[in-house]
$ cat start-v6.cif   # mmCIF, C-alpha atoms
data_data
loop_
_atom_site.group_PDB
_atom_site.id
_atom_site.type_symbol
_atom_site.label_atom_id
_atom_site.label_comp_id
_atom_site.auth_asym_id
_atom_site.auth_seq_id
_atom_site.Cartn_x
_atom_site.Cartn_y
_atom_site.Cartn_z
ATOM 1 C CA MET A 922 7.881 -24.305 -14.834
ATOM 2 C CA ALA A 923 7.920 -26.710 -11.928
ATOM 3 C CA GLN A 924 5.705 -29.728 -12.260
ATOM 4 C CA ILE A 925 2.693 -29.525 -9.955
ATOM 5 C CA THR A 926 1.997 -32.687 -7.966
ATOM 6 C CA ALA A 927 -0.124 -33.475 -4.948
ATOM 7 C CA ARG A 928 3.040 -33.288 -2.854
ATOM 8 C CA THR A 929 4.334 -29.966 -4.180
ATOM 9 C CA LEU A 930 1.045 -28.108 -4.628
ATOM 10 C CA PRO A 931 0.778 -26.709 -1.052
ATOM 11 C CA GLY A 932 4.358 -25.451 -1.211
ATOM 12 C CA LEU A 933 3.811 -23.932 -4.635
ATOM 13 C CA LEU A 934 0.690 -22.147 -3.425
ATOM 14 C CA ARG A 935 2.635 -20.749 -0.476
ATOM 15 C CA ASP A 936 5.311 -19.536 -2.871
ATOM 16 C CA TYR A 937 2.686 -17.876 -5.068
ATOM 17 C CA ALA A 938 1.193 -16.174 -2.002
ATOM 18 C CA GLU A 939 4.640 -14.854 -1.063
ATOM 19 C CA LEU A 940 5.532 -13.911 -4.643
ATOM 20 C CA THR A 941 2.326 -11.896 -5.044
ATOM 21 C CA LYS A 942 2.481 -10.477 -1.475
ATOM 22 C CA ALA A 943 -0.974 -11.790 -0.641
ATOM 23 C CA ARG A 944 -1.312 -9.883 2.641
ATOM 24 C CA ILE A 945 -0.485 -6.541 1.039
ATOM 25 C CA THR A 946 -2.801 -7.342 -1.859
ATOM 26 C CA THR A 947 -5.595 -8.012 0.637
ATOM 27 C CA LEU A 948 -5.133 -4.526 2.157
ATOM 28 C CA ILE A 949 -5.101 -3.005 -1.342
ATOM 29 C CA VAL A 950 -8.356 -4.767 -2.224
ATOM 30 C CA LEU A 951 -9.980 -3.558 1.010
ATOM 31 C CA THR A 952 -9.051 0.066 0.300
ATOM 32 C CA ALA A 953 -10.302 -0.314 -3.281
ATOM 33 C CA TRP A 954 -13.574 -1.600 -1.838
ATOM 34 C CA CYS A 955 -13.866 1.614 0.184
ATOM 35 C CA GLY A 956 -13.440 3.659 -3.003
ATOM 36 C CA TYR A 957 -16.037 1.535 -4.783
ATOM 37 C CA PHE A 958 -18.450 1.931 -1.869
ATOM 38 C CA PHE A 959 -18.322 5.709 -1.997
ATOM 39 C CA GLY A 960 -18.464 5.751 -5.783
ATOM 40 C CA ALA A 961 -21.597 3.588 -5.684
ATOM 41 C CA HIS A 962 -23.067 5.798 -2.956
ATOM 42 C CA ARG A 963 -22.480 8.878 -5.128
ATOM 43 C CA ALA A 964 -23.977 7.157 -8.174
ATOM 44 C CA GLY A 965 -26.999 5.884 -6.228
ATOM 45 C CA VAL A 966 -26.348 2.249 -7.148
ATOM 46 C CA PRO A 967 -25.951 -0.818 -4.896
ATOM 47 C CA SER A 968 -22.518 -1.095 -3.322
ATOM 48 C CA TRP A 969 -22.762 -4.896 -3.438
ATOM 49 C CA SER A 970 -22.951 -5.981 -7.052
ATOM 50 C CA LEU A 971 -21.277 -7.941 -9.806
ATOM 51 C CA GLY A 972 -19.457 -4.719 -10.649
ATOM 52 C CA LEU A 973 -17.795 -4.785 -7.231
ATOM 53 C CA PHE A 974 -16.636 -8.351 -7.845
ATOM 54 C CA HIS A 975 -15.128 -7.437 -11.223
ATOM 55 C CA ALA A 976 -13.432 -4.318 -9.829
ATOM 56 C CA LEU A 977 -11.845 -6.032 -6.832
ATOM 57 C CA LEU A 978 -10.805 -9.095 -8.832
ATOM 58 C CA GLY A 979 -9.121 -6.997 -11.511
ATOM 59 C CA ILE A 980 -7.349 -4.813 -8.940
ATOM 60 C CA ALA A 981 -6.207 -7.936 -7.058
ATOM 61 C CA PHE A 982 -4.785 -9.369 -10.290
ATOM 62 C CA VAL A 983 -2.761 -6.240 -11.070
ATOM 63 C CA SER A 984 -1.589 -5.791 -7.484
ATOM 64 C CA SER A 985 -0.445 -9.422 -7.338
ATOM 65 C CA GLY A 986 1.251 -9.208 -10.708
ATOM 66 C CA THR A 987 3.043 -5.970 -9.840
ATOM 67 C CA ALA A 988 4.316 -7.521 -6.609
ATOM 68 C CA ALA A 989 5.623 -10.527 -8.549
ATOM 69 C CA LEU A 990 7.385 -8.336 -11.116
ATOM 70 C CA ASN A 991 8.886 -6.286 -8.281
ATOM 71 C CA GLU A 992 10.338 -9.453 -6.805
ATOM 72 C CA VAL A 993 11.764 -10.403 -10.205
ATOM 73 C CA ILE A 994 13.498 -7.020 -10.470
ATOM 74 C CA GLU A 995 14.748 -7.096 -6.871
ATOM 75 C CA ALA A 996 15.690 -10.773 -6.561
ATOM 76 C CA ASN A 997 19.383 -9.964 -6.066
ATOM 77 C CA VAL A 998 18.588 -7.254 -3.524
ATOM 78 C CA ASP A 999 16.250 -9.584 -1.629
ATOM 79 C CA ALA A 1000 19.025 -12.172 -1.406
ATOM 80 C CA HIS A 1001 21.109 -9.750 0.679
ATOM 81 C CA MET A 1002 18.393 -8.909 3.210
ATOM 82 C CA ARG A 1003 17.542 -11.220 6.084
ATOM 83 C CA ARG A 1004 13.785 -10.653 6.009
ATOM 84 C CA THR A 1005 13.517 -11.313 2.247
ATOM 85 C CA ALA A 1006 16.215 -13.926 1.621
ATOM 86 C CA SER A 1007 13.702 -16.754 2.031
ATOM 87 C CA ARG A 1008 11.395 -15.479 -0.720
ATOM 88 C CA PRO A 1009 10.836 -17.882 -3.654
ATOM 89 C CA LEU A 1010 13.347 -16.245 -6.042
ATOM 90 C CA PRO A 1011 16.391 -15.563 -3.837
ATOM 91 C CA SER A 1012 15.960 -18.956 -2.143
ATOM 92 C CA GLY A 1013 15.931 -20.695 -5.535
ATOM 93 C CA ARG A 1014 12.516 -22.309 -5.090
ATOM 94 C CA MET A 1015 11.207 -20.538 -8.205
ATOM 95 C CA SER A 1016 12.929 -19.373 -11.380
ATOM 96 C CA ARG A 1017 12.851 -15.775 -12.589
ATOM 97 C CA THR A 1018 11.212 -16.921 -15.830
ATOM 98 C CA HIS A 1019 8.407 -18.600 -13.902
ATOM 99 C CA ALA A 1020 7.846 -15.503 -11.753
ATOM 100 C CA LEU A 1021 8.094 -13.174 -14.768
ATOM 101 C CA ILE A 1022 5.392 -15.099 -16.644
ATOM 102 C CA VAL A 1023 3.109 -15.052 -13.602
ATOM 103 C CA GLY A 1024 3.712 -11.339 -13.007
ATOM 104 C CA LEU A 1025 3.135 -10.283 -16.609
ATOM 105 C CA ALA A 1026 0.031 -12.455 -16.971
ATOM 106 C CA LEU A 1027 -1.556 -11.012 -13.833
ATOM 107 C CA THR A 1028 -0.583 -7.384 -14.486
ATOM 108 C CA LEU A 1029 -1.533 -7.231 -18.161
ATOM 109 C CA GLY A 1030 -4.485 -9.591 -17.770
ATOM 110 C CA GLY A 1031 -5.850 -7.584 -14.836
ATOM 111 C CA SER A 1032 -5.533 -4.312 -16.755
ATOM 112 C CA VAL A 1033 -7.422 -5.742 -19.730
ATOM 113 C CA TYR A 1034 -9.992 -7.328 -17.399
ATOM 114 C CA LEU A 1035 -10.754 -3.958 -15.778
ATOM 115 C CA THR A 1036 -10.933 -2.261 -19.176
ATOM 116 C CA ILE A 1037 -13.587 -4.752 -20.269
ATOM 117 C CA TYR A 1038 -15.554 -5.347 -17.069
ATOM 118 C CA ALA A 1039 -15.217 -1.903 -15.411
ATOM 119 C CA ASN A 1040 -14.267 0.871 -17.858
ATOM 120 C CA PRO A 1041 -11.279 2.011 -19.943
ATOM 121 C CA LEU A 1042 -10.275 4.719 -17.445
ATOM 122 C CA THR A 1043 -9.860 2.189 -14.638
ATOM 123 C CA GLY A 1044 -7.952 -0.172 -16.917
ATOM 124 C CA LEU A 1045 -5.589 2.632 -17.942
ATOM 125 C CA LEU A 1046 -5.107 3.943 -14.406
ATOM 126 C CA VAL A 1047 -4.323 0.521 -12.972
ATOM 127 C CA PHE A 1048 -1.777 -0.117 -15.725
ATOM 128 C CA LEU A 1049 -0.117 3.273 -15.128
ATOM 129 C CA THR A 1050 -0.067 2.569 -11.398
ATOM 130 C CA ALA A 1051 1.860 -0.647 -11.993
ATOM 131 C CA LEU A 1052 4.177 1.126 -14.425
ATOM 132 C CA VAL A 1053 5.056 3.932 -11.986
ATOM 133 C CA TYR A 1054 5.631 1.414 -9.200
ATOM 134 C CA LEU A 1055 7.959 -0.737 -11.291
ATOM 135 C CA ALA A 1056 9.682 1.844 -13.494
ATOM 136 C CA ALA A 1057 10.008 4.746 -11.017
ATOM 137 C CA TYR A 1058 9.628 3.684 -7.375
ATOM 138 C CA THR A 1059 11.494 0.364 -7.582
ATOM 139 C CA PRO A 1060 14.720 1.666 -9.200
ATOM 140 C CA LEU A 1061 14.656 4.847 -7.071
ATOM 141 C CA LYS A 1062 14.986 2.747 -3.916
ATOM 142 C CA LYS A 1063 18.636 2.218 -4.862
ATOM 143 C CA VAL A 1064 19.186 5.927 -5.530
ATOM 144 C CA SER A 1065 17.450 8.260 -3.075
ATOM 145 C CA PRO A 1066 15.028 8.475 -0.121
ATOM 146 C CA VAL A 1067 12.702 10.381 -2.476
ATOM 147 C CA CYS A 1068 11.539 6.889 -3.488
ATOM 148 C CA THR A 1069 9.093 6.946 -0.551
ATOM 149 C CA PHE A 1070 7.420 10.089 -1.895
ATOM 150 C CA VAL A 1071 7.255 8.697 -5.439
ATOM 151 C CA GLY A 1072 5.980 5.336 -4.196
ATOM 152 C CA ALA A 1073 3.182 7.032 -2.253
ATOM 153 C CA PHE A 1074 1.435 7.877 -5.543
ATOM 154 C CA PRO A 1075 0.864 4.287 -6.745
ATOM 155 C CA GLY A 1076 0.352 3.327 -3.101
ATOM 156 C CA ALA A 1077 -2.638 5.666 -2.823
ATOM 157 C CA MET A 1078 -4.227 4.605 -6.116
ATOM 158 C CA PRO A 1079 -6.355 1.582 -5.036
ATOM 159 C CA VAL A 1080 -9.027 3.744 -3.419
ATOM 160 C CA MET A 1081 -9.180 5.870 -6.583
ATOM 161 C CA LEU A 1082 -9.432 2.756 -8.763
ATOM 162 C CA GLY A 1083 -12.386 1.531 -6.729
ATOM 163 C CA TRP A 1084 -14.134 4.865 -7.285
ATOM 164 C CA THR A 1085 -13.473 5.059 -11.030
ATOM 165 C CA ALA A 1086 -14.645 1.464 -11.481
ATOM 166 C CA VAL A 1087 -18.126 2.733 -10.565
ATOM 167 C CA ARG A 1088 -18.121 6.313 -11.787
ATOM 168 C CA GLY A 1089 -15.817 6.128 -14.777
ATOM 169 C CA ARG A 1090 -14.247 9.490 -13.905
ATOM 170 C CA ILE A 1091 -12.125 11.225 -11.263
ATOM 171 C CA GLU A 1092 -14.026 13.554 -8.920
ATOM 172 C CA ILE A 1093 -13.260 15.606 -5.821
ATOM 173 C CA GLU A 1094 -14.282 12.775 -3.482
ATOM 174 C CA THR A 1095 -11.766 10.558 -5.235
ATOM 175 C CA LEU A 1096 -8.994 13.041 -4.552
ATOM 176 C CA ILE A 1097 -9.995 13.277 -0.867
ATOM 177 C CA LEU A 1098 -9.738 9.510 -0.426
ATOM 178 C CA PHE A 1099 -6.473 9.528 -2.368
ATOM 179 C CA ALA A 1100 -5.070 12.275 -0.107
ATOM 180 C CA ILE A 1101 -5.821 10.264 3.050
ATOM 181 C CA MET A 1102 -4.052 7.217 1.633
ATOM 182 C CA PHE A 1103 -1.142 9.326 0.392
ATOM 183 C CA VAL A 1104 -0.396 11.030 3.714
ATOM 184 C CA TRP A 1105 -0.934 7.859 5.793
ATOM 185 C CA GLN A 1106 1.814 6.032 3.939
ATOM 186 C CA PHE A 1107 4.646 8.182 5.334
ATOM 187 C CA PRO A 1108 4.406 7.272 9.032
ATOM 188 C CA HIS A 1109 3.618 3.710 7.968
ATOM 189 C CA PHE A 1110 6.559 3.129 5.624
ATOM 190 C CA LEU A 1111 9.056 5.248 7.543
ATOM 191 C CA SER A 1112 8.380 3.157 10.648
ATOM 192 C CA ILE A 1113 9.013 0.009 8.589
ATOM 193 C CA ALA A 1114 12.224 1.496 7.193
ATOM 194 C CA TRP A 1115 13.325 2.394 10.739
ATOM 195 C CA LEU A 1116 12.657 -1.125 11.999
ATOM 196 C CA TYR A 1117 14.531 -2.778 9.140
ATOM 197 C CA ARG A 1118 17.215 -0.133 8.694
ATOM 198 C CA GLU A 1119 20.090 -2.616 8.869
ATOM 199 C CA ASP A 1120 18.413 -4.910 6.335
ATOM 200 C CA TYR A 1121 17.831 -2.042 3.907
ATOM 201 C CA ALA A 1122 21.431 -0.900 4.336
ATOM 202 C CA GLN A 1123 22.637 -4.425 3.596
ATOM 203 C CA GLY A 1124 20.574 -4.436 0.403
ATOM 204 C CA GLU A 1125 21.777 -0.919 -0.496
ATOM 205 C CA ILE A 1126 18.212 0.411 -0.351
ATOM 206 C CA ARG A 1127 18.431 4.139 0.359
ATOM 207 C CA MET A 1128 15.427 4.581 2.612
ATOM 208 C CA LEU A 1129 15.563 7.718 4.752
ATOM 209 C CA PRO A 1130 16.589 5.985 8.025
ATOM 210 C CA VAL A 1131 19.529 4.436 6.132
ATOM 211 C CA VAL A 1132 20.992 7.751 4.947
ATOM 212 C CA ASP A 1133 19.789 9.660 8.050
ATOM 213 C CA ALA A 1134 21.828 7.853 10.699
ATOM 214 C CA ASP A 1135 20.819 10.091 13.612
ATOM 215 C CA GLY A 1136 17.141 9.730 12.678
ATOM 216 C CA LYS A 1137 16.208 13.390 13.086
ATOM 217 C CA SER A 1138 14.954 13.939 9.539
ATOM 218 C CA THR A 1139 12.962 10.708 9.682
ATOM 219 C CA VAL A 1140 11.312 11.641 12.975
ATOM 220 C CA TRP A 1141 10.391 15.128 11.773
ATOM 221 C CA ARG A 1142 8.743 13.673 8.677
ATOM 222 C CA ILE A 1143 6.844 11.105 10.727
ATOM 223 C CA LEU A 1144 5.561 13.834 13.042
ATOM 224 C CA ALA A 1145 4.701 16.226 10.198
ATOM 225 C CA TYR A 1146 2.758 13.685 8.173
ATOM 226 C CA SER A 1147 1.005 12.237 11.236
ATOM 227 C CA ALA A 1148 -0.103 15.759 12.216
ATOM 228 C CA ALA A 1149 -1.192 16.549 8.637
ATOM 229 C CA LEU A 1150 -3.251 13.373 8.545
ATOM 230 C CA ILE A 1151 -5.705 14.761 11.120
ATOM 231 C CA PRO A 1152 -7.045 17.682 9.022
ATOM 232 C CA VAL A 1153 -6.804 15.625 5.821
ATOM 233 C CA SER A 1154 -8.898 12.854 7.399
ATOM 234 C CA LEU A 1155 -11.618 15.427 8.187
ATOM 235 C CA LEU A 1156 -12.114 16.409 4.544
ATOM 236 C CA PRO A 1157 -14.828 13.732 4.035
ATOM 237 C CA VAL A 1158 -16.928 15.578 6.650
ATOM 238 C CA ALA A 1159 -16.438 18.931 4.936
ATOM 239 C CA TRP A 1160 -17.537 17.384 1.633
ATOM 240 C CA GLY A 1161 -20.573 15.570 3.053
ATOM 241 C CA MET A 1162 -19.166 12.073 2.615
ATOM 242 C CA ALA A 1163 -19.482 11.239 6.331
ATOM 243 C CA GLY A 1164 -21.027 12.737 9.456
ATOM 244 C CA ARG A 1165 -20.399 13.579 13.094
ATOM 245 C CA ALA A 1166 -19.640 10.053 14.284
ATOM 246 C CA TYR A 1167 -16.879 9.829 11.709
ATOM 247 C CA LEU A 1168 -15.651 13.298 12.695
ATOM 248 C CA VAL A 1169 -15.199 12.271 16.320
ATOM 249 C CA GLY A 1170 -13.663 8.917 15.380
ATOM 250 C CA ALA A 1171 -11.252 10.467 12.876
ATOM 251 C CA VAL A 1172 -10.013 12.985 15.448
ATOM 252 C CA LEU A 1173 -9.525 10.265 18.063
ATOM 253 C CA LEU A 1174 -7.767 7.934 15.624
ATOM 254 C CA GLY A 1175 -5.559 10.776 14.394
ATOM 255 C CA ALA A 1176 -4.662 11.746 17.965
ATOM 256 C CA MET A 1177 -3.826 8.118 18.728
ATOM 257 C CA LEU A 1178 -1.545 7.869 15.704
ATOM 258 C CA PHE A 1179 0.171 11.165 16.518
ATOM 259 C CA ARG A 1180 0.753 10.004 20.094
ATOM 260 C CA TYR A 1181 2.584 6.930 18.810
ATOM 261 C CA SER A 1182 4.512 9.120 16.382
ATOM 262 C CA MET A 1183 5.641 11.237 19.338
ATOM 263 C CA GLY A 1184 7.158 8.079 20.777
ATOM 264 C CA MET A 1185 9.750 8.286 18.005
ATOM 265 C CA ALA A 1186 10.895 11.721 19.205
ATOM 266 C CA SER A 1187 13.735 10.572 21.433
ATOM 267 C CA PRO A 1188 17.468 11.341 21.447
ATOM 268 C CA LEU A 1189 18.186 7.790 20.299
ATOM 269 C CA PRO A 1190 19.667 7.529 16.787
ATOM 270 C CA ALA A 1191 18.174 5.227 14.150
ATOM 271 C CA THR A 1192 21.115 2.888 14.708
ATOM 272 C CA ALA A 1193 20.244 2.293 18.385
ATOM 273 C CA PRO A 1194 18.497 -1.028 19.120
ATOM 274 C CA ALA A 1195 16.422 0.719 21.829
ATOM 275 C CA SER A 1196 14.805 2.860 19.125
ATOM 276 C CA LYS A 1197 13.100 -0.181 17.582
ATOM 277 C CA PRO A 1198 10.194 -0.682 20.063
ATOM 278 C CA PRO A 1199 8.683 2.809 19.474
ATOM 279 C CA ALA A 1200 8.934 2.217 15.717
ATOM 280 C CA ARG A 1201 7.203 -1.140 16.097
ATOM 281 C CA ARG A 1202 4.410 0.422 18.146
ATOM 282 C CA LEU A 1203 3.975 3.139 15.525
ATOM 283 C CA LEU A 1204 3.831 0.539 12.756
ATOM 284 C CA ARG A 1205 1.080 -1.339 14.595
ATOM 285 C CA ALA A 1206 -0.807 1.919 15.115
ATOM 286 C CA THR A 1207 -0.691 2.721 11.384
ATOM 287 C CA ILE A 1208 -1.936 -0.781 10.542
ATOM 288 C CA LEU A 1209 -4.880 -0.298 12.909
ATOM 289 C CA TYR A 1210 -5.568 3.290 11.827
ATOM 290 C CA LEU A 1211 -6.353 2.889 8.132
ATOM 291 C CA PRO A 1212 -8.961 0.085 8.192
ATOM 292 C CA ALA A 1213 -10.564 1.606 11.289
ATOM 293 C CA LEU A 1214 -10.830 5.032 9.627
ATOM 294 C CA PHE A 1215 -12.278 3.675 6.370
ATOM 295 C CA ALA A 1216 -14.668 1.343 8.175
ATOM 296 C CA LEU A 1217 -15.976 4.262 10.266
ATOM 297 C CA MET A 1218 -16.277 6.427 7.170
ATOM 298 C CA MET A 1219 -18.310 3.751 5.380
ATOM 299 C CA LEU A 1220 -20.574 3.122 8.384
ATOM 300 C CA ASN A 1221 -21.251 6.859 8.755
ATOM 301 C CA ALA A 1222 -21.507 7.629 5.045
ATOM 302 C CA GLY A 1223 -23.796 10.547 4.217
ATOM 303 C CA HIS A 1224 -24.901 11.188 7.829
#
$ encode --input "start-v6.cif" --output "structure tokens"
Amino acid sequence: MAQITARTLPGLLRDYAELTKARITTLIVLTAWCGYFFGAHRAGVPSWSLGLFHALLGIAFVSSGTAALNEVIEANVDAHMRRTASRPLPSGRMSRTHALIVGLALTLGGSVYLTIYANPLTGLLVFLTALVYLAAYTPLKKVSPVCTFVGAFPGAMPVMLGWTAVRGRIEIETLILFAIMFVWQFPHFLSIAWLYREDYAQGEIRMLPVVDADGKSTVWRILAYSAALIPVSLLPVAWGMAGRAYLVGAVLLGAMLFRYSMGMASPLPATAPASKPPARRLLRATILYLPALFALMMLNAGH
């Protein structure tokens, strides 16, 4: 392991942030917080508590560790893609052994931490989430576009983990929050895959826009999932989790996202440079949509 000095510490911290995908982990923690909030609301306990701290810390550990282990597995792939070639492993700034130790310590340590400080169900679920991500989704990326569907399951788990950290069991509200996260991921990740199609092709990652050169199948899936997200996002109202203000906001946000999805419906193939701007606008819309929807749901909880 590299020696830590006053001169190298800032660089090492930056490498750790990149290794553990700190920005993605932050989004995961925020969605887990939403699940915890609604679980606490259902249980009639304070949503701000030491339990929240333990839940979010443990989930952050496992998310960070899983990201690090993913980069260990995909170091050779990352070296062939322009947007990932500068990561700590492919650039040679960090050894695989170093990253492997960090990843295992965070993933296993976080799972045990949640088992002790939340409950055994949450500890088990977070471990299984990491396992599916690493053992199913990651290798499938080299095999088939079905990887996006498989990856959507661990991708939707943080909100469920937040809930179970409070309640200690899976309930219908948990599945509603999970469904929103699950469906949202398709326009989000397909727009990313469209934007970085050439990079994924270079790394032999078989995302749908890579194998679907004309882009028609990708566009139809983006439109279908964006349309499905509108009724799915209204399920919290039907189940009494949120009220009329959320209803109006969810419809408006869903319509906004679908409008940007429609921007992808052009005769341009996925290989055309002119097809990138609509994909970039859709990606930005998906990034805005999810935190805005969950924030509105939390503010209007139970009304």
$ residues_around --input "start-v6.cif" --residues "A:Thr1043" --least-positions-apart "3" --cutoff "10 Å" --atoms "all atoms listed in the file" --output "PDB file with C-alpha atoms, in the coordinates of the input"
ATOM      1  CA  ALA A 976     -13.432  -4.318  -9.829  1.00  0.00           C
ATOM      2  CA  GLY A 979      -9.121  -6.997 -11.511  1.00  0.00           C
ATOM      3  CA  ILE A 980      -7.349  -4.813  -8.940  1.00  0.00           C
ATOM      4  CA  SER A1032      -5.533  -4.312 -16.755  1.00  0.00           C
ATOM      5  CA  VAL A1033      -7.422  -5.742 -19.730  1.00  0.00           C
ATOM      6  CA  TYR A1034      -9.992  -7.328 -17.399  1.00  0.00           C
ATOM      7  CA  LEU A1035     -10.754  -3.958 -15.778  1.00  0.00           C
ATOM      8  CA  THR A1036     -10.933  -2.261 -19.176  1.00  0.00           C
ATOM      9  CA  ILE A1037     -13.587  -4.752 -20.269  1.00  0.00           C
ATOM     10  CA  TYR A1038     -15.554  -5.347 -17.069  1.00  0.00           C
ATOM     11  CA  ALA A1039     -15.217  -1.903 -15.411  1.00  0.00           C
ATOM     12  CA  ASN A1040     -14.267   0.871 -17.858  1.00  0.00           C
ATOM     13  CA  LEU A1046      -5.107   3.943 -14.406  1.00  0.00           C
ATOM     14  CA  VAL A1047      -4.323   0.521 -12.972  1.00  0.00           C
ATOM     15  CA  PHE A1048      -1.777  -0.117 -15.725  1.00  0.00           C
ATOM     16  CA  LEU A1049      -0.117   3.273 -15.128  1.00  0.00           C
ATOM     17  CA  MET A1081      -9.180   5.870  -6.583  1.00  0.00           C
ATOM     18  CA  LEU A1082      -9.432   2.756  -8.763  1.00  0.00           C
ATOM     19  CA  GLY A1083     -12.386   1.531  -6.729  1.00  0.00           C
ATOM     20  CA  TRP A1084     -14.134   4.865  -7.285  1.00  0.00           C
ATOM     21  CA  THR A1085     -13.473   5.059 -11.030  1.00  0.00           C
ATOM     22  CA  ALA A1086     -14.645   1.464 -11.481  1.00  0.00           C
ATOM     23  CA  VAL A1087     -18.126   2.733 -10.565  1.00  0.00           C
ATOM     24  CA  ARG A1088     -18.121   6.313 -11.787  1.00  0.00           C
ATOM     25  CA  GLY A1089     -15.817   6.128 -14.777  1.00  0.00           C
ATOM     26  CA  ARG A1090     -14.247   9.490 -13.905  1.00  0.00           C
ATOM     27  CA  ILE A1091     -12.125  11.225 -11.263  1.00  0.00           C
TER      28      ILE A1091
END
$ closest_residue --input "start-v6.cif" --among "A:Leu1214, A:Leu1055, A:Val1071, A:Ile1097" --to "A:Met1162" --atoms "all atoms listed in the file"
A:Ile1097
$ resolve_selection --input "start-v6.cif" --expression "the PyMOL selection byres ((chain A and resi 1025) around 10)" --output "ChimeraX atom specification"
/A:983,985-987,989-990,1020-1024,1026-1031
$ atom_distance --input "start-v6.cif" --atom1 "atom CA of A:His1001" --atom2 "atom CA of A:Ala1073"
24.7 Å
$ resolve_selection --input "start-v6.cif" --expression "the PyMOL selection byres ((chain A and resi 941-944) around 7)" --output "CSV table (one decimal) with C-alpha atoms, keeping the file's coordinate frame"
chain,number,residue,atom,x,y,z
A,937,TYR,CA,2.7,-17.9,-5.1
A,938,ALA,CA,1.2,-16.2,-2.0
A,939,GLU,CA,4.6,-14.9,-1.1
A,940,LEU,CA,5.5,-13.9,-4.6
A,945,ILE,CA,-0.5,-6.5,1.0
A,946,THR,CA,-2.8,-7.3,-1.9
A,947,THR,CA,-5.6,-8.0,0.6
A,948,LEU,CA,-5.1,-4.5,2.2
A,985,SER,CA,-0.4,-9.4,-7.3
A,986,GLY,CA,1.3,-9.2,-10.7
A,988,ALA,CA,4.3,-7.5,-6.6
A,989,ALA,CA,5.6,-10.5,-8.5
$ atom_distance --input "start-v6.cif" --atom1 "atom CA of A:Ala996" --atom2 "atom CA of A:Arg1017"
8.3 Å
$ closest_residue --input "start-v6.cif" --among "A:Gly972, A:Pro1108, A:Gly932, A:Gly1124" --to "A:Arg1142" --atoms "only C-alpha atoms"
A:Pro1108
$ residues_near_point --input "start-v6.cif" --point "(-19.9, 8.0, -2.5)" --cutoff "10 Å" --atoms "all atoms listed in the file" --output "MDAnalysis selection string"
chainID A and resid 955:966 968 1084 1087:1088 1094:1095 1161:1163 1219 1222:1223
